[in-house]
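> Got a structure for you, coords_31.pdb, holding PDB, C-alpha atoms, pLDDT in the B column.
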ATOM      1  CA  GLY A1422     136.311   2.436 108.135  1.00 72.00           C
ATOM      2  CA  ALA A1423     137.974   5.730 108.939  1.00 82.00           C
ATOM      3  CA  VAL A1424     141.627   5.714 107.984  1.00 89.00           C
ATOM      4  CA  VAL A1425     144.444   8.097 108.801  1.00 93.00           C
ATOM      5  CA  SER A1426     147.370   7.904 106.431  1.00 95.00           C
ATOM      6  CA  GLN A1427     150.690   8.925 107.998  1.00 96.00           C
ATOM      7  CA  HIS A1428     153.866   9.665 106.051  1.00 96.00           C
ATOM      8  CA  PRO A1429     156.705   9.049 106.046  1.00 96.00           C
ATOM      9  CA  SER A1430     156.805   5.743 107.902  1.00 95.00           C
ATOM     10  CA  TRP A1431     160.450   6.280 108.689  1.00 95.00           C
ATOM     11  CA  VAL A1432     162.978   9.041 108.197  1.00 97.00           C
ATOM     12  CA  ILE A1433     166.628   9.587 108.978  1.00 96.00           C
ATOM     13  CA  CYS A1434     167.846  13.134 109.130  1.00 95.00           C
ATOM     14  CA  LYS A1435     170.946  15.019 110.130  1.00 96.00           C
ATOM     15  CA  SER A1436     171.099  16.920 113.356  1.00 97.00           C
ATOM     16  CA  GLY A1437     169.958  20.515 112.889  1.00 96.00           C
ATOM     17  CA  THR A1438     167.598  19.846 110.000  1.00 97.00           C
ATOM     18  CA  SER A1439     163.809  19.858 110.068  1.00 97.00           C
ATOM     19  CA  VAL A1440     161.446  17.002 109.348  1.00 97.00           C
ATOM     20  CA  LYS A1441     157.766  17.184 108.460  1.00 97.00           C
ATOM     21  CA  ILE A1442     155.339  14.390 109.252  1.00 97.00           C
ATOM     22  CA  GLU A1443     151.932  14.355 107.586  1.00 97.00           C
ATOM     23  CA  CYS A1444     148.687  12.793 108.655  1.00 96.00           C
ATOM     24  CA  ARG A1445     145.765  12.730 106.281  1.00 95.00           C
ATOM     25  CA  SER A1446     142.260  11.556 107.006  1.00 93.00           C
ATOM     26  CA  LEU A1447     141.282   9.618 103.914  1.00 92.00           C
ATOM     27  CA  ASP A1448     137.541   9.168 104.120  1.00 86.00           C
ATOM     28  CA  PHE A1449     136.415  11.482 106.854  1.00 88.00           C
ATOM     29  CA  GLN A1450     137.011  14.977 108.125  1.00 88.00           C
ATOM     30  CA  ALA A1451     139.303  15.282 111.100  1.00 88.00           C
ATOM     31  CA  THR A1452     138.618  18.487 112.953  1.00 88.00           C
ATOM     32  CA  THR A1453     140.921  17.277 115.711  1.00 90.00           C
ATOM     33  CA  MET A1454     144.204  15.419 115.502  1.00 93.00           C
ATOM     34  CA  PHE A1455     146.214  14.158 118.444  1.00 93.00           C
ATOM     35  CA  TRP A1456     149.986  13.788 118.158  1.00 95.00           C
ATOM     36  CA  TYR A1457     151.712  11.185 120.318  1.00 94.00           C
ATOM     37  CA  ARG A1458     155.297  10.223 120.862  1.00 95.00           C
ATOM     38  CA  GLN A1459     156.536   6.824 121.958  1.00 91.00           C
ATOM     39  CA  PHE A1460     159.996   6.041 123.258  1.00 84.00           C
ATOM     40  CA  PRO A1461     161.218   2.437 123.101  1.00 81.00           C
ATOM     41  CA  LYS A1462     159.339   0.161 125.461  1.00 78.00           C
ATOM     42  CA  GLN A1463     157.312   3.037 126.798  1.00 82.00           C
ATOM     43  CA  SER A1464     153.781   4.239 126.475  1.00 86.00           C
ATOM     44  CA  LEU A1465     152.315   6.696 124.016  1.00 89.00           C
ATOM     45  CA  MET A1466     152.602  10.189 125.416  1.00 91.00           C
ATOM     46  CA  LEU A1467     150.359  12.927 124.117  1.00 91.00           C
ATOM     47  CA  MET A1468     152.378  15.820 122.742  1.00 94.00           C
ATOM     48  CA  ALA A1469     149.716  18.122 121.397  1.00 94.00           C
ATOM     49  CA  THR A1470     146.198  18.440 120.102  1.00 92.00           C
ATOM     50  CA  SER A1471     145.582  20.212 116.831  1.00 91.00           C
ATOM     51  CA  ASN A1472     142.276  21.639 115.757  1.00 88.00           C
ATOM     52  CA  GLU A1473     141.499  22.678 112.233  1.00 86.00           C
ATOM     53  CA  GLY A1474     141.831  26.402 111.779  1.00 83.00           C
ATOM     54  CA  SER A1475     143.208  27.200 115.204  1.00 85.00           C
ATOM     55  CA  LYS A1476     146.413  26.956 117.182  1.00 88.00           C
ATOM     56  CA  ALA A1477     147.472  23.633 118.590  1.00 92.00           C
ATOM     57  CA  THR A1478     147.339  22.910 122.296  1.00 91.00           C
ATOM     58  CA  TYR A1479     150.606  21.548 123.643  1.00 94.00           C
ATOM     59  CA  GLU A1480     151.064  19.331 126.658  1.00 92.00           C
ATOM     60  CA  GLN A1481     153.252  20.488 129.487  1.00 91.00           C
ATOM     61  CA  GLY A1482     156.913  20.086 128.707  1.00 92.00           C
ATOM     62  CA  VAL A1483     156.500  19.989 124.936  1.00 94.00           C
ATOM     63  CA  GLU A1484     158.291  22.809 123.147  1.00 93.00           C
ATOM     64  CA  LYS A1485     155.864  24.424 120.751  1.00 92.00           C
ATOM     65  CA  ASP A1486     158.661  26.130 118.841  1.00 94.00           C
ATOM     66  CA  LYS A1487     160.370  22.836 118.270  1.00 96.00           C
ATOM     67  CA  PHE A1488     157.329  20.770 117.357  1.00 96.00           C
ATOM     68  CA  LEU A1489     155.342  22.882 114.944  1.00 96.00           C
ATOM     69  CA  ILE A1490     151.835  21.648 114.285  1.00 94.00           C
ATOM     70  CA  ASN A1491     149.670  22.846 111.444  1.00 92.00           C
ATOM     71  CA  HIS A1492     146.090  21.792 110.847  1.00 91.00           C
ATOM     72  CA  ALA A1493     145.175  23.887 107.869  1.00 83.00           C
ATOM     73  CA  SER A1494     142.433  21.690 106.482  1.00 90.00           C
ATOM     74  CA  LEU A1495     139.922  19.117 107.666  1.00 90.00           C
ATOM     75  CA  THR A1496     141.944  16.323 106.118  1.00 93.00           C
ATOM     76  CA  LEU A1497     145.547  17.257 106.840  1.00 94.00           C
ATOM     77  CA  SER A1498     147.559  17.825 109.993  1.00 95.00           C
ATOM     78  CA  THR A1499     151.340  18.133 110.004  1.00 96.00           C
ATOM     79  CA  LEU A1500     154.003  17.935 112.668  1.00 97.00           C
ATOM     80  CA  THR A1501     157.349  19.533 111.894  1.00 97.00           C
ATOM     81  CA  VAL A1502     160.297  18.722 114.111  1.00 97.00           C
ATOM     82  CA  THR A1503     162.537  21.751 113.753  1.00 96.00           C
ATOM     83  CA  SER A1504     166.288  21.751 114.291  1.00 96.00           C
ATOM     84  CA  ALA A1505     166.153  18.086 115.141  1.00 96.00           C
ATOM     85  CA  HIS A1506     168.606  16.575 117.600  1.00 95.00           C
ATOM     86  CA  PRO A1507     169.361  12.943 118.432  1.00 95.00           C
ATOM     87  CA  GLU A1508     167.166  13.149 121.536  1.00 94.00           C
ATOM     88  CA  ASP A1509     164.209  13.839 119.233  1.00 95.00           C
ATOM     89  CA  SER A1510     164.621  10.365 117.775  1.00 95.00           C
ATOM     90  CA  SER A1511     161.385   8.598 118.558  1.00 94.00           C
ATOM     91  CA  PHE A1512     158.229   7.076 117.136  1.00 94.00           C
ATOM     92  CA  TYR A1513     155.575   9.676 116.358  1.00 96.00           C
ATOM     93  CA  ILE A1514     151.919   8.733 115.876  1.00 96.00           C
ATOM     94  CA  CYS A1515     148.870  10.773 115.005  1.00 95.00           C
ATOM     95  CA  SER A1516     145.325   9.918 115.943  1.00 93.00           C
ATOM     96  CA  ALA A1517     141.932  11.302 115.025  1.00 91.00           C
ATOM     97  CA  PRO A1518     138.703  10.777 116.916  1.00 85.00           C
ATOM     98  CA  VAL A1519     135.961   9.163 114.881  1.00 81.00           C
ATOM     99  CA  TRP A1520     132.309   8.947 115.718  1.00 69.00           C
ATOM    100  CA  PRO A1521     131.015   7.262 117.774  1.00 63.00           C
ATOM    101  CA  GLY A1522     133.576   7.287 120.504  1.00 62.00           C
ATOM    102  CA  GLY A1523     136.474   5.764 118.610  1.00 76.00           C
ATOM    103  CA  TYR A1524     139.944   6.817 117.607  1.00 85.00           C
ATOM    104  CA  THR A1525     141.866   5.872 114.522  1.00 89.00           C
ATOM    105  CA  PHE A1526     145.638   5.960 114.460  1.00 92.00           C
ATOM    106  CA  GLY A1527     148.173   6.572 111.756  1.00 94.00           C
ATOM    107  CA  SER A1528     150.790   3.914 111.145  1.00 93.00           C
ATOM    108  CA  GLY A1529     153.470   5.979 112.859  1.00 95.00           C
ATOM    109  CA  THR A1530     156.757   7.590 111.828  1.00 96.00           C
ATOM    110  CA  ARG A1531     160.100   6.384 113.081  1.00 95.00           C
ATOM    111  CA  LEU A1532     162.406   9.401 113.261  1.00 96.00           C
ATOM    112  CA  THR A1533     166.132   8.873 113.650  1.00 96.00           C
ATOM    113  CA  VAL A1534     168.341  11.922 113.989  1.00 96.00           C
ATOM    114  CA  VAL A1535     172.030  11.324 113.370  1.00 96.00           C
TER     115      VAL A1535
ATOM    116  CA  ASP B 763     151.344  11.235 137.764  1.00 68.00           C
ATOM    117  CA  GLN B 764     150.294   8.163 135.830  1.00 79.00           C
ATOM    118  CA  GLN B 765     146.548   8.201 135.563  1.00 91.00           C
ATOM    119  CA  VAL B 766     146.383   4.893 133.726  1.00 94.00           C
ATOM    120  CA  LYS B 767     148.609   2.040 134.827  1.00 95.00           C
ATOM    121  CA  GLN B 768     149.352  -1.396 133.515  1.00 95.00           C
ATOM    122  CA  ASN B 769     151.392  -2.969 136.252  1.00 92.00           C
ATOM    123  CA  SER B 770     152.474  -6.036 134.320  1.00 93.00           C
ATOM    124  CA  PRO B 771     155.016  -5.122 131.653  1.00 92.00           C
ATOM    125  CA  SER B 772     154.855  -8.611 130.196  1.00 95.00           C
ATOM    126  CA  LEU B 773     152.731 -11.745 130.202  1.00 97.00           C
ATOM    127  CA  SER B 774     153.444 -15.190 128.798  1.00 97.00           C
ATOM    128  CA  VAL B 775     150.589 -17.587 128.047  1.00 97.00           C
ATOM    129  CA  GLN B 776     150.290 -20.971 126.393  1.00 97.00           C
ATOM    130  CA  GLU B 777     148.319 -21.162 123.172  1.00 97.00           C
ATOM    131  CA  GLY B 778     144.686 -22.016 123.798  1.00 97.00           C
ATOM    132  CA  ARG B 779     144.688 -20.709 127.338  1.00 97.00           C
ATOM    133  CA  ILE B 780     143.216 -17.473 128.613  1.00 97.00           C
ATOM    134  CA  SER B 781     145.197 -14.226 128.608  1.00 98.00           C
ATOM    135  CA  ILE B 782     144.192 -11.647 131.193  1.00 98.00           C
ATOM    136  CA  LEU B 783     145.606  -8.172 130.909  1.00 98.00           C
ATOM    137  CA  ASN B 784     144.936  -5.698 133.671  1.00 98.00           C
ATOM    138  CA  CYS B 785     144.671  -1.949 133.831  1.00 97.00           C
ATOM    139  CA  ASP B 786     144.057   0.464 136.702  1.00 97.00           C
ATOM    140  CA  TYR B 787     143.147   4.118 136.571  1.00 97.00           C
ATOM    141  CA  THR B 788     143.026   6.894 139.116  1.00 95.00           C
ATOM    142  CA  ASN B 789     140.976   9.613 137.451  1.00 92.00           C
ATOM    143  CA  SER B 790     137.322   9.116 138.339  1.00 91.00           C
ATOM    144  CA  MET B 791     136.365  11.419 135.462  1.00 90.00           C
ATOM    145  CA  PHE B 792     137.320   8.767 132.928  1.00 92.00           C
ATOM    146  CA  ASP B 793     134.195   7.184 131.541  1.00 89.00           C
ATOM    147  CA  TYR B 794     135.334   5.503 128.368  1.00 90.00           C
ATOM    148  CA  PHE B 795     138.002   2.858 128.075  1.00 93.00           C
ATOM    149  CA  LEU B 796     139.667   1.235 125.117  1.00 92.00           C
ATOM    150  CA  TRP B 797     142.161  -1.524 124.457  1.00 95.00           C
ATOM    151  CA  TYR B 798     144.658  -1.341 121.632  1.00 93.00           C
ATOM    152  CA  LYS B 799     147.067  -3.855 120.192  1.00 95.00           C
ATOM    153  CA  LYS B 800     150.366  -2.615 118.873  1.00 92.00           C
ATOM    154  CA  TYR B 801     153.224  -4.112 116.903  1.00 90.00           C
ATOM    155  CA  PRO B 802     156.648  -2.426 116.784  1.00 84.00           C
ATOM    156  CA  ALA B 803     156.870   0.480 114.361  1.00 82.00           C
ATOM    157  CA  GLU B 804     153.132   0.434 113.708  1.00 87.00           C
ATOM    158  CA  GLY B 805     150.224   2.473 114.963  1.00 89.00           C
ATOM    159  CA  PRO B 806     147.888   0.983 117.576  1.00 90.00           C
ATOM    160  CA  THR B 807     144.991  -1.119 116.343  1.00 89.00           C
ATOM    161  CA  PHE B 808     141.680  -0.811 118.139  1.00 88.00           C
ATOM    162  CA  LEU B 809     140.445  -3.985 119.812  1.00 93.00           C
ATOM    163  CA  ILE B 810     137.511  -3.286 122.055  1.00 93.00           C
ATOM    164  CA  SER B 811     136.049  -0.538 124.197  1.00 91.00           C
ATOM    165  CA  ILE B 812     133.670  -0.095 127.080  1.00 93.00           C
ATOM    166  CA  SER B 813     131.803   2.864 128.449  1.00 90.00           C
ATOM    167  CA  SER B 814     131.283   3.387 132.147  1.00 91.00           C
ATOM    168  CA  ILE B 815     127.609   2.523 131.933  1.00 92.00           C
ATOM    169  CA  LYS B 816     128.576  -1.081 131.295  1.00 94.00           C
ATOM    170  CA  ASP B 817     130.624  -3.592 133.234  1.00 95.00           C
ATOM    171  CA  LYS B 818     131.290  -5.999 130.392  1.00 97.00           C
ATOM    172  CA  ASN B 819     131.680  -5.903 126.659  1.00 96.00           C
ATOM    173  CA  GLU B 820     132.395  -8.877 124.471  1.00 97.00           C
ATOM    174  CA  ASP B 821     133.602  -9.167 120.904  1.00 95.00           C
ATOM    175  CA  GLY B 822     134.572 -12.619 119.722  1.00 96.00           C
ATOM    176  CA  ARG B 823     137.565 -13.839 121.666  1.00 97.00           C
ATOM    177  CA  PHE B 824     137.957 -10.509 123.433  1.00 97.00           C
ATOM    178  CA  THR B 825     136.060  -9.459 126.541  1.00 98.00           C
ATOM    179  CA  VAL B 826     136.639  -6.334 128.564  1.00 97.00           C
ATOM    180  CA  PHE B 827     135.472  -6.085 132.149  1.00 98.00           C
ATOM    181  CA  LEU B 828     135.110  -2.811 134.021  1.00 97.00           C
ATOM    182  CA  ASN B 829     134.978  -2.480 137.796  1.00 97.00           C
ATOM    183  CA  LYS B 830     134.278   1.179 138.418  1.00 95.00           C
ATOM    184  CA  SER B 831     134.417   0.992 142.187  1.00 95.00           C
ATOM    185  CA  ALA B 832     137.910  -0.479 141.988  1.00 96.00           C
ATOM    186  CA  LYS B 833     138.871   1.701 139.011  1.00 97.00           C
ATOM    187  CA  HIS B 834     140.041  -1.429 137.286  1.00 97.00           C
ATOM    188  CA  LEU B 835     139.518  -2.969 133.909  1.00 97.00           C
ATOM    189  CA  SER B 836     140.761  -6.125 132.338  1.00 98.00           C
ATOM    190  CA  LEU B 837     140.974  -7.638 128.893  1.00 98.00           C
ATOM    191  CA  HIS B 838     140.388 -11.357 128.508  1.00 98.00           C
ATOM    192  CA  ILE B 839     141.487 -13.170 125.388  1.00 98.00           C
ATOM    193  CA  VAL B 840     140.116 -16.685 125.018  1.00 97.00           C
ATOM    194  CA  PRO B 841     141.523 -18.788 123.499  1.00 97.00           C
ATOM    195  CA  SER B 842     144.890 -17.124 123.098  1.00 98.00           C
ATOM    196  CA  GLN B 843     146.619 -17.552 119.760  1.00 97.00           C
ATOM    197  CA  PRO B 844     150.263 -16.988 118.762  1.00 96.00           C
ATOM    198  CA  GLY B 845     149.089 -14.149 116.510  1.00 95.00           C
ATOM    199  CA  ASP B 846     147.889 -12.331 119.620  1.00 96.00           C
ATOM    200  CA  SER B 847     151.499 -11.756 120.643  1.00 96.00           C
ATOM    201  CA  ALA B 848     151.951  -7.992 120.730  1.00 96.00           C
ATOM    202  CA  VAL B 849     151.951  -5.064 123.135  1.00 95.00           C
ATOM    203  CA  TYR B 850     148.528  -4.217 124.525  1.00 97.00           C
ATOM    204  CA  PHE B 851     147.677  -0.744 125.706  1.00 95.00           C
ATOM    205  CA  CYS B 852     144.664   0.284 127.689  1.00 95.00           C
ATOM    206  CA  ALA B 853     143.506   3.852 127.257  1.00 93.00           C
ATOM    207  CA  ALA B 854     140.987   6.070 128.969  1.00 92.00           C
ATOM    208  CA  SER B 855     139.023   9.090 127.955  1.00 88.00           C
ATOM    209  CA  ARG B 856     136.575  11.548 129.402  1.00 84.00           C
ATOM    210  CA  GLY B 857     133.312  11.819 127.574  1.00 68.00           C
ATOM    211  CA  TYR B 858     132.209   8.948 125.402  1.00 58.00           C
ATOM    212  CA  ASN B 859     131.097  10.041 121.963  1.00 50.00           C
ATOM    213  CA  ASN B 860     132.782  13.370 122.316  1.00 53.00           C
ATOM    214  CA  ALA B 861     135.158  13.865 119.465  1.00 51.00           C
ATOM    215  CA  GLY B 862     137.392  16.275 121.290  1.00 59.00           C
ATOM    216  CA  ASN B 863     138.805  14.240 124.125  1.00 71.00           C
ATOM    217  CA  MET B 864     142.308  12.895 124.203  1.00 80.00           C
ATOM    218  CA  LEU B 865     143.260   9.393 125.217  1.00 85.00           C
ATOM    219  CA  THR B 866     145.472   8.690 128.199  1.00 89.00           C
ATOM    220  CA  PHE B 867     147.434   5.488 127.726  1.00 92.00           C
ATOM    221  CA  GLY B 868     148.758   2.954 130.142  1.00 93.00           C
ATOM    222  CA  GLY B 869     152.338   1.781 129.864  1.00 92.00           C
ATOM    223  CA  GLY B 870     151.490  -1.324 127.894  1.00 94.00           C
ATOM    224  CA  THR B 871     151.773  -5.067 128.513  1.00 96.00           C
ATOM    225  CA  ARG B 872     153.727  -7.285 126.186  1.00 96.00           C
ATOM    226  CA  LEU B 873     151.807 -10.497 125.608  1.00 97.00           C
ATOM    227  CA  MET B 874     153.627 -13.553 124.362  1.00 97.00           C
ATOM    228  CA  VAL B 875     151.524 -16.537 123.361  1.00 97.00           C
ATOM    229  CA  LYS B 876     153.587 -19.688 123.073  1.00 96.00           C
ATOM    230  CA  PRO B 877     152.585 -22.408 120.614  1.00 93.00           C
TER     231      PRO B 877
END
Any chance you could give the structure as structure tokens?

Amino acid sequence: GAVVSQHPSWVICKSGTSVKIECRSLDFQATTMFWYRQFPKQSLMLMATSNEGSKATYEQGVEKDKFLINHASLTLSTLTVTSAHPEDSSFYICSAPVWPGGYTFGSGTRLTVV
Amino acid sequence: DQQVKQNSPSLSVQEGRISILNCDYTNSMFDYFLWYKKYPAEGPTFLISISSIKDKNEDGRFTVFLNKSAKHLSLHIVPSQPGDSAVYFCAASRGYNNAGNMLTFGGGTRLMVKP
């Protein structure tokens, strides 16, 4: 089946540094990638939608300059958390729609900013 | 404004019995619904889905029921097994088979199946 590979699975970084999270579609082409964020014991909240070759669409309240999304190819979408702060610590998950009518998720990235 | 709600944050069931997880939605434009199972620090795993043209979909031990007039869906797991213990999310989308639509998730229900 369609698989999205997400890396890294966990990362610890110092406050003020940037972290890049990658999601690769392994056996299909992902023209769209959704990026979600989950706080402990809460739901998955959509942050942004990336489309290959165009600018990402950000949800209300999500800082586009802080969460840089690049979708340069049909198999790779990246989320870069810039100038990370402890409040950015969270679980980030990507998801790609797959035909017909399904969605496949990456395994998630646990970001801890210290 | 929570468009998809799971009002029970947790549910405890004895092994072998039925687990019923509920989900309500407010957006009448949603026409495709999915259930996901999620373990901590992992991505959601797809369980079962239903489009608005149906009121029931069954896959093994999992059955999803959709009541469009009540804007309510439920996931039945029979019989429940300890390995089913996880957080279950319902999700809704506009436009089945349209690869551009985002999912809106409910808050999740933690299911605990006791041996």
> Enumerate, as number ranges by chain, the residues matched when the PyMOL selection byres ((chain A and resi 1509-1512) around 6) is run on the file above.
A: 1458-1460, 1506-1508, 1513, 1530-1534
> Please write the residues from the selection above to a file, keeping C-alpha atoms, as a PDB file, in the frame of the given file.

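Here's the written file out.pdb:
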ATOM      1  CA  ARG A1458     155.297  10.223 120.862  1.00 95.00           C
ATOM      2  CA  GLN A1459     156.536   6.824 121.958  1.00 91.00           C
ATOM      3  CA  PHE A1460     159.996   6.041 123.258  1.00 84.00           C
ATOM      4  CA  HIS A1506     168.606  16.575 117.600  1.00 95.00           C
ATOM      5  CA  PRO A1507     169.361  12.943 118.432  1.00 95.00           C
ATOM      6  CA  GLU A1508     167.166  13.149 121.536  1.00 94.00           C
ATOM      7  CA  TYR A1513     155.575   9.676 116.358  1.00 96.00           C
ATOM      8  CA  THR A1530     156.757   7.590 111.828  1.00 96.00           C
ATOM      9  CA  ARG A1531     160.100   6.384 113.081  1.00 95.00           C
ATOM     10  CA  LEU A1532     162.406   9.401 113.261  1.00 96.00           C
ATOM     11  CA  THR A1533     166.132   8.873 113.650  1.00 96.00           C
ATOM     12  CA  VAL A1534     168.341  11.922 113.989  1.00 96.00           C
TER      13      VAL A1534
END
> Would you mind listing, as number ranges by chain, all residues of chain A that have at least one atom within 10 Å of chain B, where only C-alpha atoms are what counts?
A: 1427, 1430-1431, 1451-1457, 1459, 1461-1467, 1469-1470, 1472, 1512-1531
> Output the residue selection produced by the PyMOL selection byres ((chain A and resi 1497) around 8) on the file above, formatted as a list in words.
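Evaluating the PyMOL selection byres ((chain A and resi 1497) around 8) on this file yields Glu1443, Cys1444, Arg1445, Ser1446, Ala1451, His1492, Ala1493, Ser1494, Leu1495, Thr1496, Ser1498 and Thr1499 of chain A.
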> Counting all atoms listed in the file, which residues sit no farther than 7 Å from the position (158.7, 19.6, 108.9) in the file's frame? I'd like them as a PyMOL selection string.
chain A and resi 1439-1442+1500-1503
> Evaluate the PyMOL selection byres ((chain B and resi 847) around 12) and record the selected residues as a ChimeraX atom specification, following the chain and residue labels used in the document.
/B:772-777,781,799-802,839,842-846,848-850,871-877
> Please report the interatomic distance between atom CA of Asp1486 of chain A and atom CA of Ser1504 of chain A in Å with one decimal.
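Distance between the two atoms: 9.9 Å.
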> Extract, using only C-alpha atoms, all DNA, RNA and protein residues at most 6 Å from Ala1505 of chain A, discarding same-chain residues fewer than 5 positions from it, and format them as an mmCIF file with C-alpha atoms, in the frame of the given file.

data_model
loop_
_atom_site.group_PDB
_atom_site.id
_atom_site.type_symbol
_atom_site.label_atom_id
_atom_site.label_comp_id
_atom_site.auth_asym_id
_atom_site.auth_seq_id
_atom_site.Cartn_x
_atom_site.Cartn_y
_atom_site.Cartn_z
ATOM 1 C CA SER A 1436 171.099 16.920 113.356
ATOM 2 C CA GLY A 1437 169.958 20.515 112.889
ATOM 3 C CA THR A 1438 167.598 19.846 110.000
ATOM 4 C CA SER A 1439 163.809 19.858 110.068
#
> Would you compute the distance between atom CA of Lys830 of chain B and atom CA of Gly778 of chain B? Give it in Å to one decimal.
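Separation of atom CA of Lys830 of chain B and atom CA of Gly778 of chain B: 29.3 Å.
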> Could you tell me how far atom CA of Ser831 of chain B lies from atom CA of Ala854 of chain B, in Å and to one decimal?
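Atom-to-atom, atom CA of Ser831 of chain B to atom CA of Ala854 of chain B, that is 15.6 Å.
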> Could you name the residues that touch Ser790 of chain B at 9 Å or less, counting only C-alpha atoms, but leaving out those on the same chain fewer than 3 positions away, as an NGL selection string?
:B and (787 or 793 or 830 or 833)
> For segment 803-818 of chain B, where the input has fewer atoms than it should, I would like N, CA, C and O atoms rebuilt and written as a compact mmCIF listing (two decimals), keeping the file's coordinate frame.

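In the end it all went to out_32.txt:
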# COMPACT_ATOMS: atom_id res chain seq x y z
N ALA B 803 156.83 -0.39 115.53
CA ALA B 803 156.87 0.48 114.36
C ALA B 803 155.54 0.54 113.61
O ALA B 803 155.52 0.80 112.40
N GLU B 804 154.46 0.28 114.31
CA GLU B 804 153.13 0.43 113.71
C GLU B 804 152.25 1.23 114.65
O GLU B 804 152.51 1.31 115.86
N GLY B 805 151.18 1.80 114.12
CA GLY B 805 150.22 2.47 114.96
C GLY B 805 149.36 1.47 115.71
O GLY B 805 149.24 0.31 115.31
N PRO B 806 148.77 1.88 116.82
CA PRO B 806 147.89 0.98 117.58
C PRO B 806 146.66 0.60 116.76
O PRO B 806 146.15 1.39 115.97
N THR B 807 146.21 -0.62 116.99
CA THR B 807 144.99 -1.12 116.34
C THR B 807 143.92 -1.30 117.40
O THR B 807 144.16 -1.98 118.42
N PHE B 808 142.77 -0.73 117.17
CA PHE B 808 141.68 -0.81 118.14
C PHE B 808 141.19 -2.25 118.29
O PHE B 808 141.00 -2.97 117.30
N LEU B 809 140.96 -2.64 119.54
CA LEU B 809 140.44 -3.98 119.81
C LEU B 809 139.01 -3.95 120.30
O LEU B 809 138.11 -4.54 119.71
N ILE B 810 138.82 -3.26 121.41
CA ILE B 810 137.51 -3.29 122.06
C ILE B 810 137.43 -2.12 123.02
O ILE B 810 138.46 -1.62 123.48
N SER B 811 136.23 -1.66 123.28
CA SER B 811 136.05 -0.54 124.20
C SER B 811 134.88 -0.80 125.13
O SER B 811 134.10 -1.74 124.93
N ILE B 812 134.78 0.02 126.15
CA ILE B 812 133.67 -0.10 127.08
C ILE B 812 133.40 1.27 127.68
O ILE B 812 134.33 2.02 127.99
N SER B 813 132.15 1.61 127.80
CA SER B 813 131.80 2.86 128.45
C SER B 813 131.43 2.56 129.90
O SER B 813 131.14 1.42 130.26
N SER B 814 131.45 3.59 130.71
CA SER B 814 131.28 3.39 132.15
C SER B 814 129.88 2.96 132.55
O SER B 814 129.64 2.59 133.69
N ILE B 815 128.96 2.97 131.59
CA ILE B 815 127.61 2.52 131.93
C ILE B 815 127.51 1.00 131.87
O ILE B 815 126.48 0.43 132.25
N LYS B 816 128.57 0.37 131.38
CA LYS B 816 128.58 -1.08 131.29
C LYS B 816 129.65 -1.65 132.20
O LYS B 816 130.58 -0.95 132.61
N ASP B 817 129.55 -2.94 132.50
CA ASP B 817 130.62 -3.59 133.23
C ASP B 817 131.27 -4.71 132.41
O ASP B 817 132.24 -5.32 132.85
N LYS B 818 130.73 -4.94 131.24
CA LYS B 818 131.29 -6.00 130.39
C LYS B 818 130.95 -5.71 128.93
O LYS B 818 129.84 -5.27 128.61
